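J.: Data: upload_23.cif, mmCIF, C-alpha atoms.
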data_work
loop_
_atom_site.label_atom_id
_atom_site.label_comp_id
_atom_site.auth_asym_id
_atom_site.auth_seq_id
_atom_site.Cartn_x
_atom_site.Cartn_y
_atom_site.Cartn_z
CA MET A 1 120.90 141.47 108.81
CA ALA A 2 124.33 140.81 110.27
CA GLU A 3 125.26 137.21 110.98
CA ARG A 4 125.27 136.13 114.60
CA ASP A 5 128.38 134.97 116.35
CA PRO A 6 128.42 131.11 116.40
CA ALA A 7 129.60 131.21 120.03
CA ALA A 8 126.38 133.01 121.01
CA LEU A 9 124.10 130.41 119.37
CA PRO A 10 122.65 127.52 121.44
CA LEU A 11 124.04 124.03 120.96
CA PRO A 12 120.93 122.51 119.21
CA GLN A 13 120.92 125.33 116.65
CA LEU A 14 124.66 124.86 116.01
CA ARG A 15 124.10 121.12 115.50
CA ALA A 16 121.24 121.83 113.08
CA GLN A 17 123.45 124.24 111.13
CA LEU A 18 126.26 121.66 111.07
CA ARG A 19 123.92 118.95 109.70
CA GLU A 20 122.61 121.34 107.05
CA ALA A 21 126.17 122.31 106.05
CA ARG A 22 127.20 118.65 105.79
CA ARG A 23 124.16 117.84 103.66
CA THR A 24 124.88 120.82 101.38
CA ASN A 25 128.56 119.79 101.05
CA ALA A 26 127.54 116.23 100.16
CA LEU A 27 125.19 117.51 97.44
CA LEU A 28 127.89 119.82 96.06
CA ARG A 29 130.45 117.03 96.10
CA THR A 30 128.07 114.76 94.17
CA GLU A 31 127.42 117.48 91.58
CA VAL A 32 131.14 118.16 91.17
CA GLU A 33 131.90 114.46 90.68
CA MET A 34 129.16 114.18 88.07
CA LEU A 35 130.47 117.26 86.26
CA GLU A 36 134.04 115.93 86.33
CA ARG A 37 132.92 112.60 84.87
CA TRP A 38 131.03 114.44 82.14
CA CYS A 39 134.09 116.61 81.37
CA ARG A 40 136.34 113.54 81.14
CA GLY A 41 133.89 111.97 78.68
CA THR A 42 133.63 115.04 76.40
CA GLU A 43 136.13 116.79 74.13
CA PRO A 44 139.78 117.45 75.15
CA CYS A 45 140.78 120.47 77.25
CA GLY A 46 141.04 123.57 75.06
CA THR A 47 137.84 122.83 73.08
CA GLU A 48 134.70 124.13 74.69
CA PRO A 49 131.73 121.72 74.81
CA SER A 50 129.14 122.79 72.31
CA GLY A 51 125.76 121.61 71.10
CA ARG A 52 122.42 121.34 72.68
CA GLY A 53 123.22 118.49 75.04
CA ALA A 54 126.49 120.00 76.41
CA PRO A 55 125.87 122.10 79.54
CA ARG A 56 127.65 125.46 79.72
CA LEU A 57 128.85 127.06 82.94
CA GLN A 58 126.73 130.10 83.79
CA PRO A 59 126.66 132.42 86.76
CA GLU A 60 124.84 130.97 89.74
CA PRO A 61 121.22 132.18 90.13
CA PRO A 62 120.46 134.65 92.95
CA PRO A 63 120.60 133.16 96.46
CA ALA A 64 116.88 133.83 96.93
CA GLN A 65 116.07 131.30 94.20
CA ILE A 66 118.05 128.45 95.73
CA ARG A 67 117.10 129.16 99.38
CA GLY A 68 120.58 130.26 100.49
CA ARG A 69 122.25 127.04 99.48
CA TYR A 70 125.58 128.41 98.30
CA LYS A 71 126.13 131.17 100.88
CA SER A 72 129.71 131.65 102.00
CA LYS A 73 131.36 133.63 104.73
CA VAL A 74 134.02 134.81 102.28
CA ARG A 75 132.16 137.45 100.28
CA GLY A 76 134.95 137.98 97.76
CA ALA A 77 135.00 134.31 96.75
CA SER A 78 131.24 134.20 96.20
CA ASP A 79 131.42 136.87 93.47
CA CYS A 80 133.47 134.67 91.10
CA PHE A 81 131.59 131.40 91.88
CA VAL A 82 129.97 129.74 88.87
CA GLY A 83 127.56 126.84 88.72
CA LEU A 84 124.95 125.01 86.66
CA THR A 85 121.29 125.72 86.24
CA TRP A 86 118.66 123.25 87.39
CA GLU A 87 118.03 122.11 83.79
CA GLN A 88 121.73 121.41 83.26
CA LYS A 89 121.95 119.57 86.57
CA CYS A 90 118.97 117.42 85.62
CA GLU A 91 120.52 116.73 82.23
CA LEU A 92 123.82 115.69 83.86
CA ALA A 93 121.94 113.47 86.30
CA GLN A 94 120.02 111.90 83.41
CA ARG A 95 123.26 111.22 81.54
CA GLU A 96 124.87 109.76 84.65
CA LEU A 97 121.82 107.54 85.18
CA THR A 98 121.91 106.40 81.57
CA ALA A 99 125.64 105.63 81.77
CA THR A 100 125.12 103.72 85.01
CA GLU A 101 122.27 101.71 83.51
CA ASN A 102 124.38 100.90 80.44
CA GLU A 103 127.27 99.82 82.65
CA MET A 104 124.94 97.63 84.73
CA GLN A 105 123.49 96.11 81.54
CA ARG A 106 126.99 95.41 80.21
CA MET A 107 128.07 93.85 83.49
CA LYS A 108 124.87 91.77 83.51
CA GLU A 109 125.53 90.52 79.98
CA ASP A 110 129.17 89.73 80.82
CA SER A 111 128.15 87.85 83.94
CA GLU A 112 125.50 85.91 82.02
CA GLN A 113 128.05 85.02 79.32
CA THR A 114 130.54 83.93 82.00
CA LEU A 115 127.81 81.89 83.67
CA ARG A 116 126.93 80.20 80.38
CA ASP A 117 130.61 79.45 79.74
CA LEU A 118 131.00 77.95 83.20
CA GLU A 119 127.84 75.89 82.77
CA ALA A 120 129.19 74.59 79.47
CA VAL A 121 132.53 73.73 81.10
CA ILE A 122 130.71 71.96 83.96
CA GLU A 123 128.55 70.04 81.49
CA GLU A 124 131.63 69.04 79.49
CA ALA A 125 133.37 67.95 82.70
CA ASP A 126 130.30 65.90 83.71
CA VAL A 127 130.23 64.18 80.31
CA TRP A 128 133.99 63.54 80.49
CA TRP A 129 133.70 62.16 84.03
CA THR A 130 130.80 59.92 82.98
CA ASP A 131 132.90 58.55 80.13
CA VAL A 132 135.85 58.01 82.46
CA LYS A 133 133.73 56.14 85.00
CA LYS A 134 132.20 54.04 82.24
CA ALA A 135 135.68 53.25 80.86
CA ILE A 136 136.92 52.35 84.34
CA SER A 137 133.96 50.05 84.96
CA ASP A 138 134.38 48.38 81.53
CA PHE A 139 138.11 47.95 82.11
CA GLU A 140 137.55 46.44 85.54
CA LYS A 141 134.80 44.14 84.27
CA ASP A 142 136.54 42.96 81.10
CA ILE A 143 140.24 43.09 81.94
CA VAL A 144 140.90 43.29 85.70
CA SER A 145 138.62 40.35 86.52
CA THR A 146 140.31 38.25 83.81
CA ILE A 147 143.82 39.17 84.99
CA SER A 148 142.94 38.37 88.62
CA CYS A 149 141.60 34.95 87.60
CA LYS A 150 144.44 34.07 85.20
CA LYS A 151 147.62 35.61 86.52
CA GLY A 152 150.64 35.38 84.20
CA SER A 153 148.67 34.12 81.21
CA ILE A 154 149.37 35.37 77.70
CA THR A 155 145.64 35.58 76.92
CA ALA A 156 145.11 38.30 79.59
CA SER A 157 147.91 40.47 78.24
CA GLU A 158 146.63 40.11 74.68
CA LYS A 159 143.16 41.06 75.92
CA VAL A 160 144.61 44.20 77.51
CA LEU A 161 146.32 45.13 74.25
CA ARG A 162 143.16 44.56 72.24
CA TYR A 163 141.22 46.67 74.73
CA MET A 164 143.72 49.54 74.43
CA GLU A 165 143.64 49.35 70.62
CA GLU A 166 139.83 49.39 70.67
CA ARG A 167 139.80 52.44 72.92
CA SER A 168 142.33 54.21 70.66
CA ARG A 169 140.23 53.44 67.56
CA GLN A 170 137.10 54.77 69.31
CA ARG A 171 138.92 58.00 70.18
CA ASP A 172 140.07 58.42 66.58
CA LEU A 173 136.50 57.97 65.36
CA LEU A 174 135.25 60.49 67.94
CA ARG A 175 137.97 62.96 66.88
CA GLN A 176 136.97 62.66 63.22
CA LYS A 177 133.30 63.09 64.15
CA LEU A 178 134.04 66.23 66.16
CA ARG A 179 136.20 67.64 63.33
CA LEU A 180 133.34 67.20 60.86
CA LYS A 181 130.92 68.81 63.30
CA ASN A 182 133.31 71.74 63.78
CA ASP A 183 133.58 72.25 60.00
CA LEU A 184 129.78 72.31 59.75
CA LEU A 185 129.53 74.87 62.57
CA LYS A 186 132.16 77.10 60.90
CA GLY A 187 130.21 77.06 57.65
CA TYR A 188 127.00 77.91 59.54
CA LYS A 189 128.82 80.76 61.31
CA LYS A 190 130.04 82.22 57.99
CA LYS A 191 126.51 82.02 56.63
CA LEU A 192 125.12 83.86 59.66
CA GLN A 193 127.82 86.55 59.39
CA GLN A 194 126.96 87.08 55.70
CA GLN A 195 123.26 87.42 56.58
CA LEU A 196 124.13 89.89 59.35
CA ARG A 197 126.15 92.07 56.91
CA GLN A 198 123.23 92.07 54.49
CA LYS A 199 120.84 93.14 57.26
CA GLU A 200 123.18 95.95 58.29
CA GLN A 201 123.35 97.23 54.71
CA VAL A 202 119.54 97.20 54.50
CA GLY A 203 119.22 98.80 57.93
CA GLU A 204 121.30 101.87 57.02
CA THR A 205 118.46 103.15 54.84
CA VAL A 206 116.03 102.90 57.75
CA CYS A 207 118.28 104.73 60.24
CA GLU A 208 117.34 108.20 58.99
CA VAL A 209 113.63 107.61 59.57
CA ARG A 210 114.34 106.20 63.00
CA LEU A 211 116.57 109.19 63.79
CA GLU A 212 113.74 111.60 63.02
CA GLN A 213 111.39 109.58 65.21
CA LEU A 214 113.95 109.58 68.00
CA GLN A 215 114.36 113.36 67.72
CA VAL A 216 110.59 113.84 68.06
CA ARG A 217 110.54 111.52 71.08
CA ASN A 218 113.51 113.37 72.54
CA ALA A 219 111.65 116.69 72.30
CA GLN A 220 108.62 115.15 73.99
CA TYR A 221 110.76 113.68 76.73
CA ARG A 222 112.50 117.03 77.29
CA GLN A 223 109.10 118.70 77.71
CA LYS A 224 108.11 116.02 80.20
CA ILE A 225 111.40 116.48 82.04
CA ASP A 226 110.76 120.24 82.33
CA GLU A 227 107.31 119.56 83.77
CA LYS A 228 108.75 117.05 86.24
CA ASN A 229 111.43 119.58 87.24
CA GLN A 230 108.75 122.16 88.03
CA GLU A 231 106.88 119.59 90.10
CA LEU A 232 110.16 118.72 91.84
CA LEU A 233 110.76 122.36 92.77
CA LYS A 234 107.24 122.63 94.21
CA LEU A 235 107.75 119.42 96.17
CA LYS A 236 111.08 120.74 97.53
CA ALA A 237 109.41 123.93 98.72
CA THR A 238 106.65 121.89 100.39
CA LEU A 239 109.29 119.65 101.94
CA GLY A 240 111.11 122.67 103.42
CA LYS A 241 107.91 123.94 105.07
CA THR A 242 107.11 120.45 106.34
CA LEU A 243 110.58 120.10 107.86
CA GLN A 244 110.20 123.44 109.65
CA ILE A 245 106.86 122.36 111.15
CA LEU A 246 108.34 118.97 112.09
CA ASN A 247 111.32 120.59 113.84
CA PHE A 248 108.95 122.90 115.78
CA TYR A 249 106.89 119.96 117.03
CA LYS A 250 110.05 118.00 117.81
CA ARG A 251 111.29 120.84 120.04
CA LYS A 252 107.86 121.05 121.69
CA LEU A 253 107.84 117.29 122.28
CA GLN A 254 111.35 117.45 123.76
CA GLY A 255 110.28 120.16 126.24
CA ALA A 256 107.19 118.17 127.24
CA THR A 257 109.33 115.04 127.69
CA GLU A 258 111.79 116.86 129.94
CA MET A 259 108.94 118.30 132.04
CA SER A 260 107.36 114.85 132.34
CA THR A 261 110.68 113.37 133.46
CA SER A 262 111.13 116.02 136.16
CA LEU A 263 107.56 115.49 137.39
CA VAL A 264 108.06 111.74 137.59
CA LYS A 265 111.25 112.22 139.63
CA ASP A 266 109.46 114.66 141.99
CA ILE A 267 106.57 112.25 142.49
CA SER A 268 108.94 109.37 143.25
CA LEU A 269 110.83 111.49 145.83
CA ARG A 270 107.58 112.54 147.53
CA LYS A 271 106.39 108.94 147.64
CA GLU A 272 109.62 107.86 149.33
CA LEU A 273 109.26 110.70 151.87
CA LEU A 274 105.65 109.66 152.53
CA LYS A 275 106.69 106.05 153.15
CA LYS A 276 109.45 107.16 155.53
CA ILE A 277 107.02 109.39 157.51
CA GLY A 278 104.53 106.49 157.71
CA ARG A 279 107.17 104.13 159.11
CA GLU A 280 108.30 106.70 161.70
CA THR A 281 104.67 107.46 162.68
CA ALA A 282 103.95 103.75 163.25
CA LEU A 283 107.09 103.43 165.39
CA VAL A 284 106.10 106.47 167.52
CA GLU A 285 102.55 105.10 167.93
CA GLU A 286 103.94 101.79 169.20
CA GLN A 287 106.22 103.57 171.66
CA ARG A 288 103.33 105.76 172.88
CA ALA A 289 101.06 102.70 173.36
CA GLY A 290 103.75 100.94 175.40
CA ALA A 291 104.28 104.03 177.54
CA GLU A 292 100.53 104.37 178.18
CA ARG A 293 100.29 100.71 179.23
CA VAL A 294 103.13 101.16 181.71
CA HIS A 295 101.56 104.40 182.97
CA ARG A 296 98.19 102.71 183.57
CA GLN A 297 99.85 99.85 185.42
CA LEU A 298 101.67 102.32 187.67
CA ARG A 299 98.50 104.32 188.33
CA LYS A 300 96.65 101.13 189.22
CA GLN A 301 99.36 100.06 191.59
CA LEU A 302 99.33 103.51 193.20
CA SER A 303 95.54 103.44 193.69
CA GLU A 304 95.61 99.97 195.30
CA TYR A 305 98.34 100.99 197.70
CA SER A 306 97.74 100.31 201.47
CA VAL A 307 99.78 101.47 204.47
CA PRO A 308 102.37 98.80 205.24
CA PRO A 309 104.60 98.49 208.33
CA VAL A 310 107.30 101.09 208.88
CA MET A 311 110.06 99.12 207.31
CA SER A 312 107.75 98.03 204.59
CA TYR A 313 106.59 101.63 204.31
CA VAL A 314 110.16 102.80 204.00
CA GLN A 315 110.84 100.18 201.37
CA LYS A 316 107.62 100.94 199.58
CA LYS A 317 108.39 104.65 199.80
CA MET A 318 111.75 104.06 198.25
CA ALA A 319 110.17 101.91 195.60
CA LEU A 320 107.51 104.58 195.07
CA THR A 321 110.20 107.21 194.68
CA ASP A 322 111.86 105.04 192.10
CA LEU A 323 108.59 104.43 190.38
CA GLU A 324 107.73 108.14 190.37
CA SER A 325 111.09 109.00 188.91
CA SER A 326 110.55 106.28 186.31
CA LEU A 327 107.04 107.65 185.73
CA ARG A 328 108.38 111.16 185.18
CA ALA A 329 110.93 109.73 182.77
CA TRP A 330 108.18 107.95 180.86
CA ASP A 331 106.04 111.10 180.92
CA ARG A 332 108.89 112.99 179.36
CA ARG A 333 109.27 110.23 176.76
CA VAL A 334 105.53 110.38 176.03
CA ALA A 335 105.74 114.19 175.65
CA VAL A 336 108.71 113.88 173.31
CA ALA A 337 106.83 111.22 171.30
CA LYS A 338 103.78 113.48 171.06
CA MET A 339 105.90 116.39 169.90
CA SER A 340 107.54 114.16 167.28
CA LEU A 341 104.10 112.95 166.22
CA GLN A 342 102.87 116.52 165.86
CA SER A 343 105.92 117.52 163.81
CA TYR A 344 105.43 114.48 161.52
CA ARG A 345 101.76 115.32 161.13
CA ARG A 346 102.59 118.90 160.21
CA ALA A 347 105.11 117.64 157.65
CA TRP A 348 102.52 115.21 156.27
CA ASP A 349 99.95 118.04 155.99
CA LYS A 350 102.47 120.17 154.10
CA VAL A 351 103.19 117.25 151.72
CA LYS A 352 99.47 116.76 151.05
CA MET A 353 98.94 120.48 150.48
CA SER A 354 101.90 120.68 148.03
CA GLY A 355 100.58 117.58 146.22
CA LYS A 356 97.15 119.19 145.81
CA GLN A 357 98.71 122.39 144.50
CA HIS A 358 100.65 120.40 141.77
#
Show me this structure written as structure tokens.
T.:
Amino acid sequence: MAERDPAALPLPQLRAQLREARRTNALLRTEVEMLERWCRGTEPCGTEPSGRGAPRLQPEPPPAQIRGRYKSKVRGASDCFVGLTWEQKCELAQRELTATENEMQRMKEDSEQTLRDLEAVIEEADVWWTDVKKAISDFEKDIVSTISCKKGSITASEKVLRYMEERSRQRDLLRQKLRLKNDLLKGYKKKLQQQLRQKEQVGETVCEVRLEQLQVRNAQYRQKIDEKNQELLKLKATLGKTLQILNFYKRKLQGATEMSTSLVKDISLRKELLKKIGRETALVEEQRAGAERVHRQLRKQLSEYSVPPVMSYVQKKMALTDLESSLRAWDRRVAVAKMSLQSYRRAWDKVKMSGKQH
């Protein structure tokens, strides 16, 4: 099937393809770095790695076996592409892991040795500082107090000289003691080195037996590694199916979330419209009640009307004309209010009907 134009694909699918391509590139980059490190650690260029443990470059398996991992848009370049089999990749990864563990062990031993050296230096400095403080306190107690009490006396200066000679003699004794201890430690070191050489000579005869045992264990471990690789392939296939199902439910959840968001917005808009209609209805009801009160008052005044004198009649007639014109104006207002009320009620009925339909 021909490949689709990327411009015709939707944006989520393009992003998914981009993430998959980045993940594939990262895996390939890691494999290439591991292979380069292995090549730098093997024989020089011009000699081909040989032996059972040296992986050889072989043509890449068919794309159907690796789930389209190394597909390329340039068909001509894919024909000459070479790669490693899964067994060789696992062997390289095992070697890289072993080298990393050895490096970590070496760094751990170096750091422990450095820590022990620093602790020894700190302990030596503490002992030296203790001796210095003790010497200072002895000097202040024996010499400084005497000099402060007897300034300019010959006895104080002689006491200082005797103190310095005593300290020098103590240092000489300590130096001789340390030299003897060092000679003893050197002899003990030579003895240990001689014992170590003897053990190494005895251990060479045992190496062959241990080598055979290690070869048997290596074969067993290789068989276990093959079994684990098969399990890993099965787990990868299961993981691919699981990811497809997960992406399907993610898309379904995204559609449901968008629909829920739109429904919530629609409900909020309809609630605001309902509140606005309620406020306008209450205002129209108040206006209609006020107009009816005024209308009743005018009707009552008209029913209680009696014939006044002419001038009073004329004045009353004029007032009546004014009142009638005012009454007609209020009637018109009441009619307009009723029409507005009817239109709001119709709008409210439509809102309730649309809400029931949703």
J.: Work out how far CA of Arg288 (chain A) is from CA of Lys338 (chain A), in Å to one decimal.
T.: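 Interatomic distance, CA of Lys338 (chain A) to CA of Arg288 (chain A): 7.9 Å.
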J.: For Leu323 (chain A), find every residue with an atom within 10 Å (counting only C-alpha atoms), except residues of its own chain fewer than 6 positions away, and show them as an MDAnalysis selection string.
T.: chainID A and resid 298 302 316:317 329
J.: Counting only C-alpha atoms, find residues at most 10 Å from (107.8, 112.6, 168.1) (file frame) and give them as a VMD selection string.
T.: chain A and resid 280 to 281 283 to 285 287 to 288 333 to 345
J.: Box in all listed atoms of region 312-330 of chain A, axis-aligned, with 4 Å more on each side; write out centre and edge lengths in Å to one decimal as lines of an AutoDock Vina configuration file.
T.:
center_x = 109.2
center_y = 104.6
center_z = 192.7
size_x = 13.3
size_y = 21.1
size_z = 31.7
J.: Which one is closest to Ile143 (chain A): A:Asp266, A:Gly278, A:Gln194, A:Leu161? Count all atoms listed in the file.
T.: A:Leu161
J.: Please report the interatomic distance between CA of Leu118 (chain A) and CA of Leu185 (chain A) in Å with one decimal.
T.: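 Going from CA of Leu118 (chain A) over to CA of Leu185 (chain A) covers 20.9 Å.
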J.: So which residues fall inside 10 Å of (103.9, 115.6, 153.5) if we count all atoms listed in the file? Mind giving them as a list in words?
T.: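 Residues close enough to count: Arg270, Lys271, Leu273, Leu274, Lys275, Ile277, Tyr344, Arg345, Arg346, Ala347, Trp348, Asp349, Lys350, Val351, Lys352, Met353, Ser354 and Gly355 of chain A.
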J.: CA of Leu253 (chain A) and CA of Leu239 (chain A) are how many Å apart?
T.: 20.5 Å
J.: Would you mind listing, for every residue of region 151-262 of chain A within 12 Å of region 7-15 of chain A, the two atoms forming the shortest contact and the distance between them in Å to one decimal, using only C-alpha atoms, sorted by chain and ascending residue number, as a tab-separated table?
T.:
residue	atom	partner	partner_atom	distance
A:Asn247	CA	A:Gln13	CA	11.1
A:Lys250	CA	A:Pro12	CA	11.9
A:Arg251	CA	A:Pro12	CA	9.8
A:Gln254	CA	A:Pro12	CA	11.8
J.: Report as JSON, numbers by chain the full result of the PyMOL selection byres ((chain A and resi 163-175) around 12) when it is applied to this structure.
T.: {"A": [131, 132, 135, 136, 138, 139, 140, 141, 142, 143, 144, 156, 157, 158, 159, 160, 161, 162, 176, 177, 178, 179, 180, 181, 182]}
J.: Please save C-alpha atoms of the selected residues as a PDB file, in the frame of the given file.
T.:
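And here is the file that came out, out_32.pdb:
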ATOM      1  CA  ASP A 131     132.900  58.550  80.130  1.00  0.00           C
ATOM      2  CA  VAL A 132     135.850  58.010  82.460  1.00  0.00           C
ATOM      3  CA  ALA A 135     135.680  53.250  80.860  1.00  0.00           C
ATOM      4  CA  ILE A 136     136.920  52.350  84.340  1.00  0.00           C
ATOM      5  CA  ASP A 138     134.380  48.380  81.530  1.00  0.00           C
ATOM      6  CA  PHE A 139     138.110  47.950  82.110  1.00  0.00           C
ATOM      7  CA  GLU A 140     137.550  46.440  85.540  1.00  0.00           C
ATOM      8  CA  LYS A 141     134.800  44.140  84.270  1.00  0.00           C
ATOM      9  CA  ASP A 142     136.540  42.960  81.100  1.00  0.00           C
ATOM     10  CA  ILE A 143     140.240  43.090  81.940  1.00  0.00           C
ATOM     11  CA  VAL A 144     140.900  43.290  85.700  1.00  0.00           C
ATOM     12  CA  ALA A 156     145.110  38.300  79.590  1.00  0.00           C
ATOM     13  CA  SER A 157     147.910  40.470  78.240  1.00  0.00           C
ATOM     14  CA  GLU A 158     146.630  40.110  74.680  1.00  0.00           C
ATOM     15  CA  LYS A 159     143.160  41.060  75.920  1.00  0.00           C
ATOM     16  CA  VAL A 160     144.610  44.200  77.510  1.00  0.00           C
ATOM     17  CA  LEU A 161     146.320  45.130  74.250  1.00  0.00           C
ATOM     18  CA  ARG A 162     143.160  44.560  72.240  1.00  0.00           C
ATOM     19  CA  GLN A 176     136.970  62.660  63.220  1.00  0.00           C
ATOM     20  CA  LYS A 177     133.300  63.090  64.150  1.00  0.00           C
ATOM     21  CA  LEU A 178     134.040  66.230  66.160  1.00  0.00           C
ATOM     22  CA  ARG A 179     136.200  67.640  63.330  1.00  0.00           C
ATOM     23  CA  LEU A 180     133.340  67.200  60.860  1.00  0.00           C
ATOM     24  CA  LYS A 181     130.920  68.810  63.300  1.00  0.00           C
ATOM     25  CA  ASN A 182     133.310  71.740  63.780  1.00  0.00           C
TER      26      ASN A 182
END
